[in-house]
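J.: Hey, dropping protein32.cif in here, mmCIF, C-alpha atoms:
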data_query
loop_
_atom_site.label_atom_id
_atom_site.label_comp_id
_atom_site.auth_asym_id
_atom_site.auth_seq_id
_atom_site.Cartn_x
_atom_site.Cartn_y
_atom_site.Cartn_z
CA MET A 1290 84.62 111.15 189.83
CA SER A 1291 86.63 114.09 191.19
CA GLN A 1292 88.04 116.80 188.95
CA HIS A 1293 91.54 115.58 189.71
CA GLU A 1294 90.52 112.14 188.38
CA GLN A 1295 88.69 113.45 185.29
CA TRP A 1296 91.87 114.83 183.74
CA ARG A 1297 93.32 111.32 183.50
CA LEU A 1298 92.39 110.54 179.89
CA PHE A 1299 94.82 107.64 179.69
CA ARG A 1300 94.83 105.31 182.71
CA GLY A 1301 97.04 102.44 181.58
CA ASP A 1302 94.50 99.83 182.65
CA ARG A 1303 94.03 98.22 179.19
CA VAL A 1304 90.29 99.03 179.25
CA ALA A 1305 88.95 100.50 175.99
CA ARG A 1306 86.61 103.47 176.47
CA GLN A 1307 85.22 106.43 174.54
CA VAL A 1308 86.88 109.60 175.79
CA ASP A 1309 86.00 113.15 174.81
CA LEU A 1310 89.30 114.97 174.39
CA PRO A 1311 89.30 118.39 176.04
CA GLU A 1312 89.97 121.58 174.10
CA ALA A 1313 93.59 121.99 173.12
CA PRO A 1314 95.75 124.88 174.38
CA PRO A 1315 95.40 128.00 172.18
CA TRP A 1316 98.93 127.52 170.84
CA ARG A 1317 98.19 123.92 169.78
CA ARG A 1318 95.05 124.59 167.71
CA PHE A 1319 95.35 124.33 163.94
CA GLY A 1320 93.05 125.90 161.37
CA ASP A 1321 91.04 127.53 164.18
CA ASP A 1322 88.70 130.36 163.09
CA CYS A 1323 90.97 131.24 160.18
CA GLY A 1324 90.08 128.79 157.43
CA ASP A 1325 93.13 126.59 157.00
CA ARG A 1326 95.46 128.83 159.02
CA PRO A 1327 95.86 128.95 162.80
CA ARG A 1328 95.03 132.13 164.65
CA PRO A 1329 98.14 134.28 165.33
CA ARG A 1330 99.51 133.75 168.82
CA PRO A 1331 99.86 136.76 171.12
CA TYR A 1332 103.40 138.11 171.05
CA LEU A 1333 104.87 140.43 173.66
CA ILE A 1334 108.06 142.33 172.97
CA GLY A 1335 109.78 145.24 174.72
CA ARG A 1336 110.03 148.69 173.17
CA ALA A 1337 113.80 148.44 172.77
CA GLU A 1338 113.54 145.10 170.95
CA ALA A 1339 110.68 146.37 168.76
CA ASP A 1340 112.83 149.35 167.77
CA VAL A 1341 115.57 146.99 166.56
CA VAL A 1342 113.00 145.25 164.36
CA SER A 1343 111.94 148.62 162.94
CA ALA A 1344 115.58 149.48 162.23
CA ALA A 1345 115.98 146.28 160.20
CA LEU A 1346 112.80 147.10 158.28
CA HIS A 1347 114.07 150.60 157.44
CA LEU A 1348 117.47 149.29 156.37
CA ARG A 1349 116.04 146.34 154.40
CA ARG A 1350 118.55 144.14 156.17
CA PRO A 1351 118.11 140.59 157.56
CA LEU A 1352 117.29 140.49 161.27
CA LEU A 1353 119.50 138.01 163.13
CA VAL A 1354 117.63 136.99 166.28
CA THR A 1355 119.43 135.22 169.10
CA GLY A 1356 118.30 134.08 172.54
CA HIS A 1357 117.71 131.00 174.63
CA PRO A 1358 115.11 128.43 173.50
CA GLY A 1359 111.58 129.60 174.23
CA THR A 1360 112.30 133.34 174.14
CA GLY A 1361 110.17 133.81 171.00
CA LYS A 1362 112.74 133.95 168.21
CA SER A 1363 110.71 132.09 165.59
CA SER A 1364 107.41 133.58 166.73
CA LEU A 1365 108.77 137.06 166.03
CA ALA A 1366 108.60 136.44 162.27
CA HIS A 1367 104.91 135.56 162.54
CA ALA A 1368 104.26 138.61 164.73
CA ILE A 1369 105.87 140.90 162.13
CA ALA A 1370 103.90 139.32 159.28
CA HIS A 1371 100.64 139.64 161.23
CA GLU A 1372 101.17 143.21 162.42
CA LEU A 1373 102.30 144.49 159.01
CA THR A 1374 99.76 142.36 157.07
CA LEU A 1375 102.46 140.79 154.89
CA GLY A 1376 100.78 137.41 154.41
CA PRO A 1377 101.78 133.95 155.65
CA VAL A 1378 105.39 133.49 156.72
CA LEU A 1379 107.66 131.60 154.35
CA GLN A 1380 109.65 129.14 156.48
CA TRP A 1381 113.03 127.57 155.82
CA ALA A 1382 113.95 125.22 158.67
CA ILE A 1383 117.71 124.64 158.61
CA ASN A 1384 119.43 121.32 159.25
CA SER A 1385 122.87 119.90 158.50
CA ARG A 1386 121.82 119.02 154.93
CA SER A 1387 120.28 122.38 154.02
CA ALA A 1388 121.64 123.92 150.82
CA LEU A 1389 121.06 127.34 149.28
CA LYS A 1390 119.85 125.91 145.97
CA ASP A 1391 117.05 123.96 147.64
CA ALA A 1392 115.79 127.15 149.28
CA LEU A 1393 115.83 128.97 145.93
CA TYR A 1394 114.13 126.43 143.68
CA GLY A 1395 113.72 122.78 142.84
CA TYR A 1396 113.71 121.17 139.39
CA ASP A 1397 112.19 117.72 138.88
CA ALA A 1398 114.18 116.57 135.85
CA ILE A 1399 113.17 112.91 136.29
CA GLY A 1400 109.50 113.81 136.50
CA ARG A 1401 109.77 115.91 133.35
CA LEU A 1402 111.49 113.08 131.47
CA ARG A 1403 108.85 110.57 132.54
CA GLU A 1404 105.97 112.88 131.57
CA THR A 1405 107.61 113.64 128.22
CA HIS A 1406 107.82 109.92 127.38
CA LEU A 1407 104.19 109.35 128.38
CA ARG A 1408 103.00 112.20 126.20
CA GLN A 1409 105.09 111.10 123.27
CA GLU A 1410 103.46 107.67 123.46
CA ARG A 1411 100.04 109.35 123.29
CA GLY A 1412 101.12 111.71 120.52
CA ALA A 1413 100.57 114.75 122.76
CA ASP A 1414 102.67 117.89 123.10
CA GLU A 1415 105.60 117.86 125.51
CA PRO A 1416 104.91 119.39 128.94
CA GLY A 1417 106.22 122.86 129.68
CA ILE A 1418 109.34 122.95 131.81
CA GLY A 1419 107.72 125.36 134.27
CA THR A 1420 105.47 122.57 135.48
CA PHE A 1421 108.54 120.87 136.93
CA VAL A 1422 110.16 123.94 138.52
CA ARG A 1423 109.02 125.12 141.94
CA LEU A 1424 110.44 128.01 143.90
CA GLY A 1425 111.64 127.33 147.44
CA PRO A 1426 110.93 129.58 150.44
CA LEU A 1427 113.84 131.93 149.73
CA GLY A 1428 113.12 131.95 146.01
CA THR A 1429 109.46 132.77 146.67
CA ALA A 1430 110.48 135.60 149.01
CA LEU A 1431 112.48 137.15 146.15
CA VAL A 1432 109.59 137.17 143.66
CA PRO A 1433 108.99 140.84 142.69
CA ARG A 1434 106.02 142.29 144.60
CA ASP A 1435 104.84 145.70 145.72
CA ARG A 1436 104.85 144.49 149.34
CA PRO A 1437 107.51 142.11 150.66
CA ARG A 1438 106.96 138.67 152.16
CA VAL A 1439 108.37 137.56 155.51
CA LEU A 1440 110.97 134.78 155.35
CA LEU A 1441 111.93 132.86 158.49
CA VAL A 1442 115.34 131.18 158.28
CA ASP A 1443 115.07 129.06 161.40
CA GLU A 1444 118.16 127.92 163.34
CA LEU A 1445 120.81 128.89 160.82
CA ASP A 1446 123.52 127.73 163.21
CA LYS A 1447 122.44 124.11 162.60
CA GLY A 1448 123.40 124.33 158.92
CA ASP A 1449 126.67 123.76 157.11
CA VAL A 1450 129.47 126.12 158.10
CA ASP A 1451 129.52 127.61 154.57
CA LEU A 1452 125.77 128.31 154.38
CA PRO A 1453 125.92 131.88 155.80
CA ASN A 1454 128.54 132.82 153.19
CA ASP A 1455 126.42 131.21 150.46
CA LEU A 1456 123.57 133.53 151.42
CA LEU A 1457 125.64 136.72 151.11
CA THR A 1458 125.33 137.20 147.35
CA VAL A 1459 121.59 136.57 147.34
CA PHE A 1460 121.05 138.97 150.23
CA GLU A 1461 123.21 141.64 148.59
CA GLU A 1462 121.88 141.33 145.05
CA GLY A 1463 118.29 140.40 145.83
CA GLU A 1464 118.20 138.03 142.87
CA PHE A 1465 119.15 134.58 141.63
CA GLU A 1466 119.22 132.61 138.41
CA ILE A 1467 117.52 129.37 137.42
CA PRO A 1468 119.95 127.91 134.83
CA GLU A 1469 117.40 125.40 133.53
CA LEU A 1470 115.24 128.35 132.44
CA SER A 1471 117.93 130.82 131.41
CA ARG A 1472 119.21 128.34 128.79
CA LEU A 1473 115.87 128.16 126.99
CA PRO A 1474 115.48 129.76 123.54
CA GLU A 1475 114.18 133.32 123.20
CA ASP A 1476 110.64 132.20 122.34
CA GLN A 1477 110.49 130.59 125.80
CA ALA A 1478 111.89 133.58 127.68
CA GLU A 1479 108.84 133.77 129.98
CA VAL A 1480 108.05 130.64 131.98
CA PRO A 1481 105.32 130.29 134.64
CA VAL A 1482 106.44 128.42 137.78
CA LEU A 1483 104.83 127.63 141.13
CA THR A 1484 105.81 129.37 144.36
CA HIS A 1485 106.40 127.74 147.74
CA GLY A 1486 103.85 127.14 150.46
CA GLY A 1487 100.22 126.22 150.95
CA ASP A 1488 99.13 129.46 149.28
CA SER A 1489 101.29 128.76 146.20
CA GLU A 1490 100.61 130.68 143.01
CA TRP A 1491 101.90 130.79 139.46
CA VAL A 1492 104.44 133.52 138.77
CA THR A 1493 106.28 134.32 135.55
CA VAL A 1494 110.06 134.02 135.48
CA THR A 1495 111.72 135.95 132.65
CA ARG A 1496 114.95 134.61 131.14
CA GLY A 1497 115.49 132.45 134.18
CA ARG A 1498 116.08 135.34 136.57
CA VAL A 1499 114.13 136.16 139.75
CA ARG A 1500 114.79 139.62 141.18
CA CYS A 1501 112.88 141.19 144.05
CA ARG A 1502 111.27 144.61 143.84
CA GLU A 1503 111.15 145.01 147.63
CA PHE A 1504 113.70 143.09 149.70
CA PRO A 1505 111.85 140.53 151.84
CA VAL A 1506 111.61 140.80 155.60
CA VAL A 1507 114.18 138.17 156.56
CA VAL A 1508 114.21 136.89 160.15
CA ILE A 1509 117.14 134.56 160.90
CA THR A 1510 117.20 132.73 164.21
CA SER A 1511 120.18 131.21 165.99
CA ASN A 1512 120.60 129.37 169.27
CA GLY A 1513 124.22 130.48 169.46
CA GLU A 1514 125.67 127.04 168.75
CA ARG A 1515 128.42 128.64 166.67
CA ASP A 1516 129.65 132.01 165.41
CA PHE A 1517 128.94 133.39 161.96
CA PRO A 1518 131.50 134.97 159.59
CA PRO A 1519 132.09 138.73 160.03
CA ALA A 1520 131.05 139.38 156.42
CA PHE A 1521 127.68 137.80 157.16
CA MET A 1522 127.25 139.59 160.48
CA ARG A 1523 128.00 142.94 158.83
CA ARG A 1524 124.95 142.53 156.62
CA CYS A 1525 122.55 141.73 159.46
CA VAL A 1526 120.87 143.72 162.21
CA ARG A 1527 121.36 141.85 165.49
CA LEU A 1528 118.58 141.36 168.04
CA ALA A 1529 119.22 139.48 171.30
CA LEU A 1530 115.95 138.50 172.99
CA PRO A 1531 116.26 138.40 176.79
CA ASP A 1532 114.77 135.80 179.09
CA PRO A 1533 111.47 137.24 180.40
CA GLY A 1534 111.36 138.33 184.04
CA GLU A 1535 108.52 137.66 186.47
CA GLU A 1536 106.31 140.55 185.35
CA ARG A 1537 106.78 139.74 181.68
CA LEU A 1538 105.96 136.07 182.41
CA ARG A 1539 102.72 137.15 184.07
CA ASP A 1540 101.89 139.27 181.03
CA ILE A 1541 102.60 136.32 178.72
CA VAL A 1542 100.36 133.97 180.71
CA SER A 1543 97.60 136.57 180.70
CA ALA A 1544 97.94 137.21 176.95
CA HIS A 1545 97.70 133.52 176.07
CA LEU A 1546 95.24 132.23 178.66
CA GLY A 1547 93.40 135.31 179.92
CA GLU A 1548 93.80 137.33 183.09
CA GLY A 1549 91.91 134.73 185.11
CA ALA A 1550 94.70 132.25 184.47
CA LEU A 1551 96.97 134.14 186.87
CA ALA A 1552 94.85 133.26 189.91
CA GLY A 1553 96.28 130.44 191.97
CA VAL A 1554 99.41 129.80 189.89
CA ASP A 1555 102.00 131.76 191.90
CA ASP A 1556 103.56 128.49 193.01
CA LEU A 1557 104.03 127.41 189.39
CA LEU A 1558 105.54 130.75 188.46
CA HIS A 1559 107.97 130.62 191.38
CA ALA A 1560 108.85 126.98 190.64
CA PHE A 1561 109.59 127.96 187.04
CA LEU A 1562 111.80 130.89 188.08
CA ASN A 1563 113.63 128.79 190.68
CA ARG A 1564 114.33 126.00 188.21
CA ARG A 1565 115.21 128.24 185.30
CA ALA A 1566 118.87 128.56 184.45
CA PRO A 1567 120.10 130.16 181.21
CA GLY A 1568 118.77 128.06 178.35
CA GLU A 1569 117.38 125.29 180.55
CA LEU A 1570 113.66 126.16 180.58
CA ALA A 1571 111.43 127.77 177.95
CA THR A 1572 108.50 130.10 178.52
CA ASP A 1573 106.02 127.79 176.82
CA GLN A 1574 106.78 125.19 179.49
CA LEU A 1575 105.31 127.58 182.06
CA LEU A 1576 102.27 128.05 179.80
CA ASN A 1577 101.89 124.28 179.63
CA ALA A 1578 101.95 124.00 183.41
CA VAL A 1579 99.40 126.79 183.91
CA PHE A 1580 97.10 125.35 181.24
CA LEU A 1581 97.17 121.92 182.89
CA ARG A 1582 96.53 123.41 186.33
CA LYS A 1583 93.53 125.34 185.02
CA GLY A 1584 92.23 122.13 183.44
CA GLY A 1585 92.18 120.36 186.77
CA VAL A 1586 95.44 118.47 186.42
CA ASP A 1587 97.11 117.63 189.72
CA LEU A 1588 100.61 118.92 189.11
CA ASP A 1589 101.56 117.89 192.62
CA ALA A 1590 101.40 114.25 191.51
CA GLU A 1591 104.73 112.49 191.68
CA GLY A 1592 107.00 113.45 188.78
CA LEU A 1593 104.31 115.36 186.81
CA LEU A 1594 105.65 118.87 187.37
CA ASP A 1595 109.14 117.59 186.60
CA ALA A 1596 107.83 116.17 183.32
CA VAL A 1597 106.43 119.57 182.31
CA LEU A 1598 109.24 121.79 183.61
CA HIS A 1599 112.07 119.56 182.42
CA ARG A 1600 115.52 120.79 181.46
CA LEU A 1601 116.08 121.44 177.75
CA GLY A 1602 119.75 120.51 177.74
CA GLY A 1603 122.04 117.87 179.16
CA ALA A 1604 121.65 114.12 179.45
CA LEU A 1605 118.18 112.70 180.00
#
Translate the structure of the given file into structure tokens.
T.:
Amino acid sequence: MSQHEQWRLFRGDRVARQVDLPEAPPWRRFGDDCGDRPRPRPYLIGRAEADVVSAALHLRRPLLVTGHPGTGKSSLAHAIAHELTLGPVLQWAINSRSALKDALYGYDAIGRLRETHLRQERGADEPGIGTFVRLGPLGTALVPRDRPRVLLVDELDKGDVDLPNDLLTVFEEGEFEIPELSRLPEDQAEVPVLTHGGDSEWVTVTRGRVRCREFPVVVITSNGERDFPPAFMRRCVRLALPDPGEERLRDIVSAHLGEGALAGVDDLLHAFLNRRAPGELATDQLLNAVFLRKGGVDLDAEGLLDAVLHRLGGAL
């Protein structure tokens, strides 16, 4: 069987067979060499853009990152966390239903009531309220620490129109209140609660108030689907990531797949550049094409290159 035939894992012939799946692309491996966390992806950024990130770090201001899909907006948060050794990124993916309170904390009142009844039936003590309170990604980012955490607020422009204004007070004050805990009597002033994420830990909340010691590194991404209020923009440092040119694309391919990956892919690079219009192709689509080519996939097959380098917008 030729190499061009070997890449066809699925043949559509209704014949069951045992197939050894090939190694996944580096950016699609999970828990690889890092316990339960994926290895950080290479991230290339220009000096001017890196300086804007440093300015936001000095000012302790949120970094508002804009750019076309695939320019590395979300990946920047992970690059900052990795380079500054600030731990795993706390992620808050925004959608039309996202609310500030959910990002700060959650309180399972029904679960507490159910557990209280069960314990009363057994004659046991009532459960502590902290067991039913869990901080969200933003709330966890505001827990007082000597070194800040990185918070990624992804695609803020997809949220409710009032969400940016809702964030202003929290960003300015660096604190928030959990009313369910602040109303407790004095002998319950300190309550342990769980933080957000796979590396969650118990932290003590005093009198229902969480106040950061070091303002978190906040990276907010936007695809430019709508404008934000001036009051919100005034409190952010703006970073516009450009579409990478040919040389930067070569560097990106080399960083992700090794220098040898550049051999014999000039046609793919030129096809990508010729097809790319603002916002219509993403860099990882080029990486996908190069990875398939290096794996023996015949990208000249009818419709296959179009399937990989497809437009991101417009009707399908």
J.: Could you list, as a PyMOL selection string, every residue within 8 Å of A:Leu1389, counting all atoms listed in the file and ignoring same-chain residues fewer than 2 positions away?
T.: chain A and resi 1387+1391-1393+1452+1455-1456
J.: Which polymer residues have any atom within 9 Å of an atom of stretch 1500-1513 of chain A, counting all atoms listed in the file, with same-chain residues fewer than 4 positions away left out, as a VMD selection string?
T.: chain A and resid 1345 to 1346 1349 to 1358 1362 to 1363 1365 to 1366 1369 to 1370 1430 to 1447 1460 1462 to 1466
J.: Closest to A:Glu1479 among A:Leu1373, A:Val1341, A:Val1492, A:Ala1550, using only C-alpha atoms?
T.: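 When distances to A:Glu1479 are compared using only C-alpha atoms, the smallest one comes from A:Val1492.
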J.: May I ask for the distance between atom CA of A:Arg1565 and atom CA of A:Ala1596, given in Å to one decimal place?
T.: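 A separation of 14.3 Å between them.
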J.: Here's the selection I'm unsure about, the PyMOL selection byres ((chain A and resi 1481) around 12); applied to the file above, which residues does it give, as a list in words?
T.: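 This file, filtered by the PyMOL selection byres ((chain A and resi 1481) around 12), leaves Gly1417, Ile1418, Gly1419, Thr1420, Phe1421, Val1422, Arg1423, Leu1424, Leu1470, Gln1477, Ala1478, Glu1479, Val1480, Val1482, Leu1483, Thr1484, Glu1490, Trp1491, Val1492, Thr1493, Val1494, Thr1495, Arg1496, Gly1497 and Val1499 of chain A.
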J.: Evaluate the PyMOL selection byres ((chain A and resi 1536) around 12) on the structure here and hand back the selected residues as a PyMOL selection string.
T.: chain A and resi 1333+1532-1535+1537-1543+1551+1555+1558-1559+1562
J.: For the residues selected in the previous step, produce a file with C-alpha atoms as a PDB file, in the frame of the given file.
T.:
ATOM      1  CA  LEU A1333     104.870 140.430 173.660  1.00  0.00           C
ATOM      2  CA  ASP A1532     114.770 135.800 179.090  1.00  0.00           C
ATOM      3  CA  PRO A1533     111.470 137.240 180.400  1.00  0.00           C
ATOM      4  CA  GLY A1534     111.360 138.330 184.040  1.00  0.00           C
ATOM      5  CA  GLU A1535     108.520 137.660 186.470  1.00  0.00           C
ATOM      6  CA  ARG A1537     106.780 139.740 181.680  1.00  0.00           C
ATOM      7  CA  LEU A1538     105.960 136.070 182.410  1.00  0.00           C
ATOM      8  CA  ARG A1539     102.720 137.150 184.070  1.00  0.00           C
ATOM      9  CA  ASP A1540     101.890 139.270 181.030  1.00  0.00           C
ATOM     10  CA  ILE A1541     102.600 136.320 178.720  1.00  0.00           C
ATOM     11  CA  VAL A1542     100.360 133.970 180.710  1.00  0.00           C
ATOM     12  CA  SER A1543      97.600 136.570 180.700  1.00  0.00           C
ATOM     13  CA  LEU A1551      96.970 134.140 186.870  1.00  0.00           C
ATOM     14  CA  ASP A1555     102.000 131.760 191.900  1.00  0.00           C
ATOM     15  CA  LEU A1558     105.540 130.750 188.460  1.00  0.00           C
ATOM     16  CA  HIS A1559     107.970 130.620 191.380  1.00  0.00           C
ATOM     17  CA  LEU A1562     111.800 130.890 188.080  1.00  0.00           C
TER      18      LEU A1562
END
J.: When you count only C-alpha atoms, which of these residues is closest to A:Glu1461: A:Phe1521, A:Asn1577, A:Val1586, A:Gly1400?
T.: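 Smallest separation from A:Glu1461 among the options: A:Phe1521.
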J.: What is the distance between atom CA of A:Asp1449 and atom CA of A:Cys1525, in Å to one decimal?
T.: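 One can read the atom CA of A:Asp1449 to atom CA of A:Cys1525 distance as 18.6 Å.
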J.: Take atom CA of A:Leu1570 and atom CA of A:Ser1364 and report the distance between them in Å, one decimal.
T.: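 It comes out at 16.9 Å.
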